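query05.txt follows (compact mmCIF, C-alpha atoms and all ligand atoms):
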# COMPACT_ATOMS: atom_id res chain seq x y z
CA ALA A 1 106.43 88.56 109.67
CA LEU A 2 103.13 90.25 110.32
CA THR A 3 100.38 89.48 107.84
CA ILE A 4 97.05 90.96 106.83
CA GLY A 5 94.24 88.52 106.11
CA ILE A 6 92.01 89.37 103.17
CA VAL A 7 88.40 88.44 103.82
CA GLY A 8 85.04 89.25 102.25
CA LEU A 9 81.90 87.69 100.89
CA PRO A 10 82.20 85.50 97.81
CA ASN A 11 82.37 87.34 94.48
CA VAL A 12 83.44 90.72 95.84
CA GLY A 13 86.80 90.63 94.05
CA LYS A 14 89.18 89.09 96.60
CA SER A 15 90.91 86.79 94.11
CA THR A 16 91.13 89.58 91.57
CA LEU A 17 92.78 91.84 94.13
CA PHE A 18 95.01 89.06 95.33
CA ASN A 19 96.13 88.31 91.78
CA ALA A 20 97.12 91.91 91.46
CA LEU A 21 98.94 91.75 94.80
CA THR A 22 101.02 88.76 93.81
CA LYS A 23 101.16 89.52 90.08
CA ASN A 24 100.27 85.91 89.72
CA ASN A 25 97.50 84.66 87.55
CA ILE A 26 95.51 82.52 89.91
CA LEU A 27 92.22 82.10 88.08
CA ALA A 28 89.58 84.42 89.45
CA ALA A 29 86.47 82.49 88.68
CA ASN A 30 82.98 83.85 89.00
CA TYR A 31 82.25 81.21 91.59
CA PRO A 32 81.63 81.50 95.36
CA PHE A 33 84.32 79.06 96.54
CA ALA A 34 86.98 79.89 93.96
CA THR A 35 89.62 80.68 96.60
CA ILE A 36 90.16 77.63 98.77
CA GLU A 37 93.77 77.44 99.90
CA PRO A 38 95.22 80.38 101.78
CA ASN A 39 98.04 82.06 99.89
CA ILE A 40 100.54 84.69 100.83
CA GLY A 41 101.15 87.71 98.64
CA VAL A 42 104.07 89.97 99.45
CA VAL A 43 104.04 93.52 98.12
CA ASN A 44 106.52 96.34 98.32
CA LEU A 45 105.80 99.32 100.47
CA PRO A 46 106.23 102.29 98.12
CA ASP A 47 108.87 104.67 99.45
CA GLU A 48 110.15 107.55 97.32
CA ARG A 49 112.84 108.26 99.89
CA LEU A 50 114.76 105.16 98.80
CA ASN A 51 115.19 106.54 95.28
CA ARG A 52 116.66 109.71 96.68
CA LEU A 53 119.00 107.79 99.00
CA ALA A 54 120.17 105.63 96.11
CA GLU A 55 120.97 108.82 94.22
CA ILE A 56 122.89 110.33 97.15
CA PHE A 57 124.88 107.17 97.93
CA GLY A 58 125.12 105.79 94.40
CA SER A 59 123.47 102.55 95.57
CA GLU A 60 123.40 99.60 93.21
CA ARG A 61 119.96 98.48 94.32
CA ILE A 62 116.92 99.46 96.32
CA LEU A 63 115.22 97.18 98.83
CA PRO A 64 111.88 98.48 100.06
CA ALA A 65 109.98 97.18 103.08
CA THR A 66 107.22 94.70 102.33
CA VAL A 67 103.69 93.99 103.47
CA SER A 68 102.29 90.45 103.46
CA PHE A 69 98.71 89.57 102.66
CA VAL A 70 97.04 86.23 103.18
CA ASP A 71 94.15 85.33 100.96
CA ILE A 72 91.58 83.68 103.17
CA ALA A 73 88.83 81.57 101.67
CA GLY A 74 85.40 83.17 101.27
CA ILE A 75 83.23 83.62 104.30
CA VAL A 76 79.49 83.07 104.06
CA ARG A 77 76.58 83.65 106.36
CA GLY A 78 76.72 80.82 108.94
CA ALA A 79 80.50 80.44 108.71
CA SER A 80 80.87 80.55 112.50
CA GLU A 81 78.69 77.43 112.69
CA GLY A 82 80.96 75.60 110.28
CA GLU A 83 79.00 76.26 107.10
CA GLY A 84 80.77 76.57 103.78
CA LEU A 85 84.49 76.93 104.46
CA GLY A 86 83.83 78.22 107.96
CA ASN A 87 86.23 76.26 110.13
CA GLN A 88 89.14 76.47 107.75
CA PHE A 89 88.43 80.16 107.38
CA LEU A 90 88.47 80.78 111.10
CA ALA A 91 91.70 78.86 111.61
CA ASN A 92 93.45 80.92 108.92
CA ILE A 93 92.12 84.27 109.99
CA ARG A 94 93.21 83.68 113.58
CA GLU A 95 96.83 83.74 112.42
CA ALA A 96 96.54 87.10 110.65
CA HIS A 97 97.56 90.26 112.53
CA ALA A 98 95.06 92.55 110.84
CA ILE A 99 92.00 92.01 108.69
CA ALA A 100 91.38 93.65 105.33
CA GLN A 101 87.76 93.22 104.44
CA VAL A 102 87.02 93.54 100.72
CA VAL A 103 83.59 95.04 100.17
CA ARG A 104 81.84 95.17 96.82
CA ALA A 105 81.09 98.74 95.77
CA PHE A 106 80.92 98.09 92.03
CA ASP A 107 77.93 97.55 89.81
CA ASP A 108 78.10 94.77 87.27
CA PRO A 109 75.04 92.80 86.21
CA ASP A 110 77.34 90.00 85.01
CA VAL A 111 78.78 89.36 88.46
CA ILE A 112 76.34 87.63 90.77
CA HIS A 113 76.06 88.99 94.30
CA VAL A 114 75.55 86.25 96.89
CA ASP A 115 72.73 88.22 98.53
CA GLY A 116 71.23 89.40 95.27
CA LYS A 117 72.09 93.10 95.49
CA VAL A 118 75.08 95.40 95.92
CA ASP A 119 74.82 96.77 99.45
CA PRO A 120 78.17 97.51 101.14
CA ALA A 121 76.66 98.22 104.57
CA SER A 122 74.76 94.94 104.63
CA ASP A 123 77.80 92.99 103.38
CA MET A 124 80.01 94.40 106.12
CA GLU A 125 77.32 93.59 108.66
CA THR A 126 77.21 89.97 107.44
CA ILE A 127 80.97 89.50 107.73
CA ASN A 128 81.28 91.32 111.03
CA THR A 129 78.39 89.32 112.49
CA GLU A 130 80.17 86.08 111.61
CA LEU A 131 83.37 87.30 113.26
CA VAL A 132 81.44 88.44 116.34
CA LEU A 133 79.66 85.06 116.58
CA ALA A 134 82.95 83.21 116.27
CA ASP A 135 84.43 85.28 119.13
CA LEU A 136 81.32 84.68 121.24
CA GLN A 137 81.76 80.96 120.77
CA THR A 138 85.38 81.19 121.84
CA LEU A 139 84.37 83.08 124.99
CA GLU A 140 81.50 80.74 125.77
CA ASN A 141 84.02 77.91 125.85
CA ALA A 142 86.66 79.85 127.75
CA ILE A 143 84.55 81.44 130.48
CA PRO A 144 83.31 78.28 132.29
CA ARG A 145 86.85 76.89 132.25
CA LEU A 146 88.33 80.07 133.70
CA GLU A 147 85.50 80.28 136.28
CA LYS A 148 86.43 76.84 137.58
CA ALA A 149 90.10 77.78 137.68
CA VAL A 150 89.37 80.98 139.59
CA LYS A 151 87.27 79.03 142.12
CA ILE A 152 90.24 76.85 143.03
CA LYS A 153 92.51 79.92 142.96
CA LYS A 154 94.36 78.81 139.86
CA GLY A 155 92.89 81.38 137.51
CA ASP A 156 93.14 85.14 137.22
CA ALA A 157 89.96 86.88 138.42
CA ALA A 158 90.79 90.08 136.52
CA GLN A 159 91.08 88.07 133.34
CA LEU A 160 87.70 86.44 133.96
CA GLU A 161 86.21 89.88 134.48
CA GLU A 162 87.67 90.99 131.14
CA TYR A 163 86.30 87.92 129.35
CA LYS A 164 82.83 88.76 130.60
CA LYS A 165 83.17 92.39 129.57
CA ALA A 166 84.14 91.26 126.08
CA GLN A 167 81.20 88.88 126.00
CA THR A 168 78.80 91.74 126.78
CA VAL A 169 80.20 93.83 123.92
CA LEU A 170 79.90 90.94 121.48
CA GLU A 171 76.38 90.09 122.62
CA ALA A 172 75.38 93.61 121.63
CA GLY A 173 76.64 92.75 118.13
CA ASP A 174 79.75 94.91 118.22
CA THR A 175 83.32 94.02 117.31
CA LEU A 176 85.76 94.32 120.22
CA ILE A 177 88.10 96.73 118.42
CA SER A 178 85.24 99.15 117.73
CA LYS A 179 84.38 99.32 121.46
CA LYS A 180 87.89 99.09 122.85
CA ASP A 181 87.94 102.59 124.32
CA GLU A 182 84.27 102.92 125.12
CA ALA A 183 84.11 99.62 127.04
CA LYS A 184 87.65 100.13 128.43
CA LEU A 185 88.73 96.72 127.19
CA ASP A 186 92.21 95.54 128.13
CA PHE A 187 93.30 93.52 125.10
CA ALA A 188 96.36 92.21 126.98
CA LEU A 189 94.03 90.18 129.22
CA LEU A 190 92.25 88.76 126.16
CA ARG A 191 95.38 88.04 124.15
CA GLU A 192 95.62 84.28 124.66
CA LEU A 193 92.17 83.77 123.13
CA ASN A 194 93.34 85.34 119.86
CA LEU A 195 89.89 86.82 119.29
CA LEU A 196 89.18 87.80 115.70
CA THR A 197 87.47 91.11 116.37
CA THR A 198 90.38 92.44 118.47
CA LYS A 199 92.44 92.64 115.28
CA PRO A 200 92.74 95.99 113.49
CA PHE A 201 90.45 96.32 110.47
CA ILE A 202 90.90 97.89 107.06
CA TYR A 203 87.99 98.16 104.66
CA VAL A 204 88.85 97.80 100.99
CA PHE A 205 86.03 99.05 98.81
CA ASN A 206 86.24 97.40 95.42
CA SER A 207 84.86 100.35 93.53
CA ASP A 208 83.66 101.19 90.03
CA GLU A 209 84.46 104.44 88.20
CA GLY A 210 81.40 106.07 89.73
CA VAL A 211 82.67 105.55 93.29
CA LEU A 212 86.30 106.34 92.43
CA ALA A 213 85.23 109.65 90.90
CA SER A 214 82.88 110.68 93.71
CA GLU A 215 84.27 112.18 96.91
CA GLU A 216 80.74 112.16 98.22
CA LYS A 217 80.15 108.44 97.73
CA GLN A 218 83.53 107.71 99.28
CA LYS A 219 82.76 109.86 102.27
CA GLU A 220 79.52 107.95 102.85
CA LEU A 221 81.40 104.67 102.93
CA ARG A 222 84.25 106.11 104.99
CA ASP A 223 81.77 107.30 107.58
CA LEU A 224 80.30 103.80 107.81
CA VAL A 225 83.61 102.30 108.90
CA ALA A 226 85.40 105.14 110.74
CA PRO A 227 87.63 105.13 112.71
CA ALA A 228 88.82 102.09 110.74
CA GLU A 229 90.70 102.95 107.54
CA ALA A 230 89.01 102.76 104.15
CA VAL A 231 90.85 102.12 100.88
CA PHE A 232 89.12 102.67 97.54
CA LEU A 233 90.37 100.78 94.52
CA ASP A 234 89.20 98.96 91.44
CA ALA A 235 90.48 95.40 91.76
CA LYS A 236 90.04 94.65 88.08
CA LEU A 237 91.93 97.78 87.08
CA GLU A 238 94.70 96.89 89.54
CA ALA A 239 94.93 93.40 88.08
CA ASP A 240 95.13 94.87 84.57
CA MET A 241 97.72 97.46 85.56
CA VAL A 242 100.21 94.92 86.91
CA GLU A 243 100.36 93.41 83.41
CA LEU A 244 101.47 96.71 81.88
CA ASP A 245 104.80 98.49 81.88
CA GLU A 246 105.27 101.44 84.21
CA GLU A 247 104.47 104.13 81.65
CA GLU A 248 101.26 102.46 80.44
CA ALA A 249 100.16 101.71 83.98
CA ARG A 250 100.63 105.37 84.95
CA GLU A 251 98.48 106.49 82.02
CA MET A 252 95.78 104.00 82.93
CA LEU A 253 95.84 105.21 86.54
CA GLU A 254 95.54 108.82 85.45
CA MET A 255 92.59 107.99 83.22
CA SER A 256 90.84 106.45 86.21
CA GLY A 257 91.29 109.74 88.07
CA GLN A 258 93.51 108.32 90.81
CA ASP A 259 96.89 109.68 91.83
CA GLU A 260 98.14 106.53 93.58
CA SER A 261 97.63 102.89 92.64
CA GLY A 262 95.23 100.90 94.81
CA LEU A 263 97.96 98.42 95.70
CA ASP A 264 100.24 101.20 96.89
CA LYS A 265 97.40 102.65 98.96
CA LEU A 266 96.67 99.25 100.43
CA ALA A 267 100.33 98.58 101.25
CA ARG A 268 100.69 101.98 102.92
CA VAL A 269 97.49 101.75 104.97
CA GLY A 270 98.13 98.10 105.81
CA PHE A 271 101.64 98.83 107.02
CA SER A 272 100.55 101.58 109.39
CA THR A 273 97.51 99.60 110.56
CA LEU A 274 99.90 96.88 111.66
CA GLY A 275 101.66 99.48 113.83
CA LEU A 276 104.82 99.33 111.76
CA GLN A 277 107.29 101.94 110.60
CA THR A 278 110.58 101.93 108.74
CA TYR A 279 114.07 103.19 109.20
CA LEU A 280 116.58 103.43 106.38
CA THR A 281 120.15 102.37 105.70
CA ALA A 282 122.13 103.46 102.67
CA GLY A 283 125.48 102.81 101.04
CA PRO A 284 127.02 102.08 97.64
CA LYS A 285 125.62 98.52 97.69
CA GLU A 286 122.02 99.23 98.60
CA SER A 287 119.48 101.67 99.95
CA ARG A 288 117.13 99.75 102.13
CA ALA A 289 114.08 100.17 104.33
CA TRP A 290 113.83 98.04 107.49
CA THR A 291 110.62 97.23 109.26
CA ILE A 292 110.23 97.91 112.98
CA SER A 293 107.35 98.52 115.35
CA LYS A 294 106.40 102.05 116.32
CA GLY A 295 108.16 102.81 119.58
CA ASP A 296 111.13 100.47 119.02
CA THR A 297 114.49 101.54 120.48
CA ALA A 298 117.74 101.81 118.53
CA PRO A 299 119.05 98.39 119.72
CA GLN A 300 115.74 96.74 118.78
CA ALA A 301 115.99 98.34 115.35
CA ALA A 302 119.58 97.08 115.00
CA GLY A 303 118.33 93.61 115.90
CA VAL A 304 116.19 93.53 112.76
CA ILE A 305 119.39 93.57 110.68
CA HIS A 306 121.15 90.99 112.82
CA THR A 307 120.62 89.71 116.37
CA ASP A 308 124.34 90.34 117.05
CA PHE A 309 123.76 94.02 116.28
CA GLU A 310 121.24 94.21 119.11
CA ARG A 311 123.44 92.35 121.60
CA GLY A 312 126.58 94.29 120.76
CA PHE A 313 124.90 97.65 120.22
CA ILE A 314 127.07 100.65 121.14
CA LYS A 315 125.44 103.61 119.44
CA ALA A 316 123.64 104.70 116.32
CA GLU A 317 124.61 107.47 113.95
CA VAL A 318 121.29 109.00 112.94
CA VAL A 319 120.16 111.66 110.49
CA SER A 320 116.56 112.27 109.51
CA PHE A 321 115.80 111.68 105.86
CA GLU A 322 114.59 115.27 105.48
CA ASP A 323 117.87 116.70 106.80
CA LEU A 324 119.95 114.39 104.63
CA ASP A 325 117.84 115.17 101.59
CA ALA A 326 118.26 118.90 102.16
CA ALA A 327 122.02 118.57 102.76
CA GLY A 328 122.51 116.42 99.67
CA SER A 329 125.32 114.31 101.13
CA MET A 330 126.34 112.70 104.40
CA GLN A 331 129.41 114.98 104.67
CA GLU A 332 127.29 118.09 104.24
CA ALA A 333 124.73 116.81 106.77
CA LYS A 334 127.58 116.27 109.26
CA ALA A 335 129.02 119.72 108.54
CA LYS A 336 125.60 121.21 109.29
CA GLY A 337 125.46 119.31 112.59
CA LYS A 338 122.45 117.27 111.50
CA VAL A 339 123.98 113.87 112.27
CA ARG A 340 123.39 112.73 115.84
CA MET A 341 124.90 109.98 117.99
CA GLU A 342 122.11 108.15 119.77
CA GLY A 343 122.37 105.64 122.61
CA LYS A 344 120.47 102.53 123.58
CA ASP A 345 117.38 104.36 124.88
CA TYR A 346 116.77 106.24 121.65
CA ILE A 347 113.27 105.71 120.21
CA MET A 348 113.45 105.38 116.45
CA ALA A 349 111.57 107.88 114.26
CA ASP A 350 110.10 106.98 110.88
CA GLY A 351 112.59 107.74 108.14
CA ASP A 352 115.69 107.84 110.32
CA VAL A 353 118.74 107.10 108.19
CA VAL A 354 121.00 105.03 110.41
CA GLU A 355 124.40 103.50 110.74
CA PHE A 356 124.88 101.28 113.78
CA ARG A 357 128.10 100.90 115.79
CA PHE A 358 128.38 97.64 117.61
CA ASN A 359 130.77 95.10 119.21
CA VAL A 360 130.84 91.60 117.84
P1 LIG B 1 86.08 86.53 95.14
O1 LIG B 1 85.07 85.42 95.14
O2 LIG B 1 85.79 87.55 96.19
O3 LIG B 1 87.49 86.06 95.16
O4 LIG B 1 85.84 87.34 93.78
P2 LIG B 1 86.63 87.30 92.40
O5 LIG B 1 87.87 88.06 92.49
O6 LIG B 1 86.69 85.90 91.92
O7 LIG B 1 85.63 88.15 91.49
C1 LIG B 1 84.34 87.69 91.17
C2 LIG B 1 83.95 88.24 89.83
O8 LIG B 1 83.86 89.66 89.91
C3 LIG B 1 84.97 87.93 88.72
O9 LIG B 1 84.24 87.65 87.54
C4 LIG B 1 85.74 89.23 88.58
O10 LIG B 1 86.22 89.41 87.27
C5 LIG B 1 84.69 90.26 88.93
N1 LIG B 1 85.28 91.48 89.50
C6 LIG B 1 86.23 91.57 90.46
N2 LIG B 1 86.53 92.85 90.73
C7 LIG B 1 85.77 93.61 89.91
C8 LIG B 1 85.62 95.00 89.70
O11 LIG B 1 86.28 95.86 90.33
N3 LIG B 1 84.68 95.39 88.76
C9 LIG B 1 83.94 94.49 88.05
N4 LIG B 1 83.06 94.95 87.17
N5 LIG B 1 84.08 93.17 88.22
C10 LIG B 1 84.96 92.72 89.13

Written as structure tokens, that's how I'd like the structure from this file.
Amino acid sequence: ALTIGIVGLPNVGKSTLFNALTKNNILAANYPFATIEPNIGVVNLPDERLNRLAEIFGSERILPATVSFVDIAGIVRGASEGEGLGNQFLANIREAHAIAQVVRAFDDPDVIHVDGKVDPASDMETINTELVLADLQTLENAIPRLEKAVKIKKGDAAQLEEYKKAQTVLEAGDTLISKKDEAKLDFALLRELNLLTTKPFIYVFNSDEGVLASEEKQKELRDLVAPAEAVFLDAKLEADMVELDEEEAREMLEMSGQDESGLDKLARVGFSTLGLQTYLTAGPKESRAWTISKGDTAPQAAGVIHTDFERGFIKAEVVSFEDLDAAGSMQEAKAKGKVRMEGKDYIMADGDVVEFRFNV
């Protein structure tokens, strides 16, 4: 499964957020190296459509798609040179498919800031610089090796060219993803290096009431990170809310002036940042969301349920959720001509409700 690595300076609220994500009670200590071992937290992707499907089909249970987060130990200035938990950090982050950077945007005199003041722009700069330096190191090792290989005609010259292009971007202090289009970087040629700054980024601003209530403050921070996605949440509030029942949690959310919980926002944004989408299946047993990549074909989608479904794929009976919702039942959707038979070249759309026909 694809995972999102949670990174950030010490004391910005990573453990607090992660506790909320897992509903566990890992102690969030006010201490720079409180989070040492990487942990995985799996959260549900909120999807109202499943409730409606369960109603239409009388399903016994609902199975939403999930998003996985890995808590990666705190990064500090100098991490790329092996300071603090640097090496462990880099090994763990390399395995993540996207990076969620938690940035402190809350005031609290009781919580020490590693650099002495709350300054989101400077914090992001610190983390991104470490990631850029780590990638530079990787390239500085890889380039001489590839140069030798190219000389004896055993290496790919185009790949070497790409490595050098990437090096130039990093030397200017930029992440590779932020200059992908501008520098015309071909990530396919860089793939085997697993460079950190080629991964998609999400910025999670751990905000206080002041930031949550101010469109203006949020816009300022959004502008700092665009085109990367920004999520605003209050980690402490999220951690408190998971301890409450649904009703109480909703009230608490309303009082904070938000219309969606931070965890739901994070799951949603994380899911799409990973390039994922869902299709749906429904019946009396369960209504379920299945995770596929954007652009997957019908047989590939069938393969997520079972590899035999992909191999023996014949066709897919497909209706869009919207059409099914409007029709109110499968029979009615069929009567209205909204149910299509799709073949093996069909590209799945988000929210397709599907039944596969296959040979076993
Ligand atoms: P980490 O080092 O990034 O994992 O940070 P922690 O999650 O351990 O948080 C450090 C300290 O900040 C703890 O004392 C938390 O209770 C506190 N904290 C975390 N999130 C918030 C928040 O949104 N608001 C306030 N006021 N304190 C927070």

What's the 7 Å shell around Lys285 of chain A, counting all atoms listed in the file, without same-chain residues fewer than 4 positions away, as a PyMOL selection string? chain A and resi 59-61

Spatial neighbours of Gln258 of chain A, max dist 12 Å, all atoms listed in the file, sep filter under 6 positions, as a PyMOL selection string: chain A and resi 209+211-215+232-234+237-238+249-252+264-265

Find the residues around segment 326-328 of chain A up to 10 Å (all atoms listed in the file counted), leave out those fewer than 4 positions away in its own chain, and share them as a PyMOL selection string. chain A and resi 52-53+55-57+321-322+332-336+338

Export, as a PDB file, in the coordinates of the input, the selected residues with C-alpha atoms.
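Dumped to part.pdb:
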ATOM      1  CA  ARG A  52     116.660 109.710  96.680  1.00  0.00           C
ATOM      2  CA  LEU A  53     119.000 107.790  99.000  1.00  0.00           C
ATOM      3  CA  GLU A  55     120.970 108.820  94.220  1.00  0.00           C
ATOM      4  CA  ILE A  56     122.890 110.330  97.150  1.00  0.00           C
ATOM      5  CA  PHE A  57     124.880 107.170  97.930  1.00  0.00           C
ATOM      6  CA  PHE A 321     115.800 111.680 105.860  1.00  0.00           C
ATOM      7  CA  GLU A 322     114.590 115.270 105.480  1.00  0.00           C
ATOM      8  CA  GLU A 332     127.290 118.090 104.240  1.00  0.00           C
ATOM      9  CA  ALA A 333     124.730 116.810 106.770  1.00  0.00           C
ATOM     10  CA  LYS A 334     127.580 116.270 109.260  1.00  0.00           C
ATOM     11  CA  ALA A 335     129.020 119.720 108.540  1.00  0.00           C
ATOM     12  CA  LYS A 336     125.600 121.210 109.290  1.00  0.00           C
ATOM     13  CA  LYS A 338     122.450 117.270 111.500  1.00  0.00           C
TER      14      LYS A 338
END

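From atom CA of Val111 of chain A back to atom N2 of ligand LIG 1 (chain B), the distance works out to 8.8 Å.
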
Using only C-alpha atoms, the residue out of A:Ile62, A:Ala158, A:Leu266, A:Val114 with shortest distance to Pro284 of chain A is A:Ile62

Any idea what the distance is between atom C9 of ligand LIG 1 (chain B) and atom CA of Glu248 of chain A? 20.5 Å

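Distances here use all atoms listed in the file; by that measure, the residue among A:Ala149, A:Leu133, A:Ala20, A:Ala100 closest to Ala239 of chain A is A:Ala20.
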
Show which residues sit within 10 Å of Glu355 of chain A, as a PyMOL selection string. Count only C-alpha atoms, and ignore same-chain residues fewer than 4 positions away. chain A and resi 280-283+302+315-319+341

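Across A:Ala298, A:Ala91, A:Ala226, A:Val102, the tightest approach to ligand LIG 1 (chain B) is made by A:Val102 when counting all atoms listed in the file.
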
May I ask for the distance between atom CA of Thr126 of chain A and atom CA of Pro109 of chain A, given in Å to one decimal place? 21.5 Å

Contact residues around Arg104 of chain A with all atoms listed in the file at 7 Å, ignoring same-chain residues under 6 positions, as a ChimeraX atom specification: /A:12,118,120,205-207

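Among the candidates A:Ser256, A:Thr138, A:Thr129, A:Thr168, the residue lying nearest to Met241 of chain A is A:Ser256 (atoms considered: all atoms listed in the file).
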
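Using all atoms listed in the file for every distance, the candidate list A:Lys236, A:His113, A:Lys164, A:Lys199 yields A:Lys236 as the residue closest to ligand LIG 1 (chain B).
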
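Using all atoms listed in the file, the nearest neighbour of ligand LIG 1 (chain B) within the list A:Asp123, A:Arg311, A:Asp208, A:Glu229 is A:Asp208.
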
Edge lengths and centre in Å, axis-aligned, ligand LIG 1 (chain B) plus 4 Å each side, as JSON:
{"center_x": 85.5, "center_y": 90.6, "center_z": 91.7, "size_x": 12.8, "size_y": 18.4, "size_z": 17.0}

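A search radius of 6 Å centred on (107.2, 104.6, 114.3), applied to all atoms listed in the file, returns the residues A:Gln277, A:Lys294, A:Gly295, A:Ala349, A:Asp350.
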
Generate the output file for the selected residues, C-alpha atoms, as a tab-separated table (two decimals), in the coordinates of the input.
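The result, stored in again27.tsv:
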chain	number	residue	atom	x	y	z
A	277	GLN	CA	107.29	101.94	110.60
A	294	LYS	CA	106.40	102.05	116.32
A	295	GLY	CA	108.16	102.81	119.58
A	349	ALA	CA	111.57	107.88	114.26
A	350	ASP	CA	110.10	106.98	110.88

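Residues of protein, DNA or RNA having at least one counted atom within 6 Å of (100.0, 91.1, 112.7), given all atoms listed in the file, are Leu2, Thr3, Ala96, His97, Ala98 and Leu274 of chain A.
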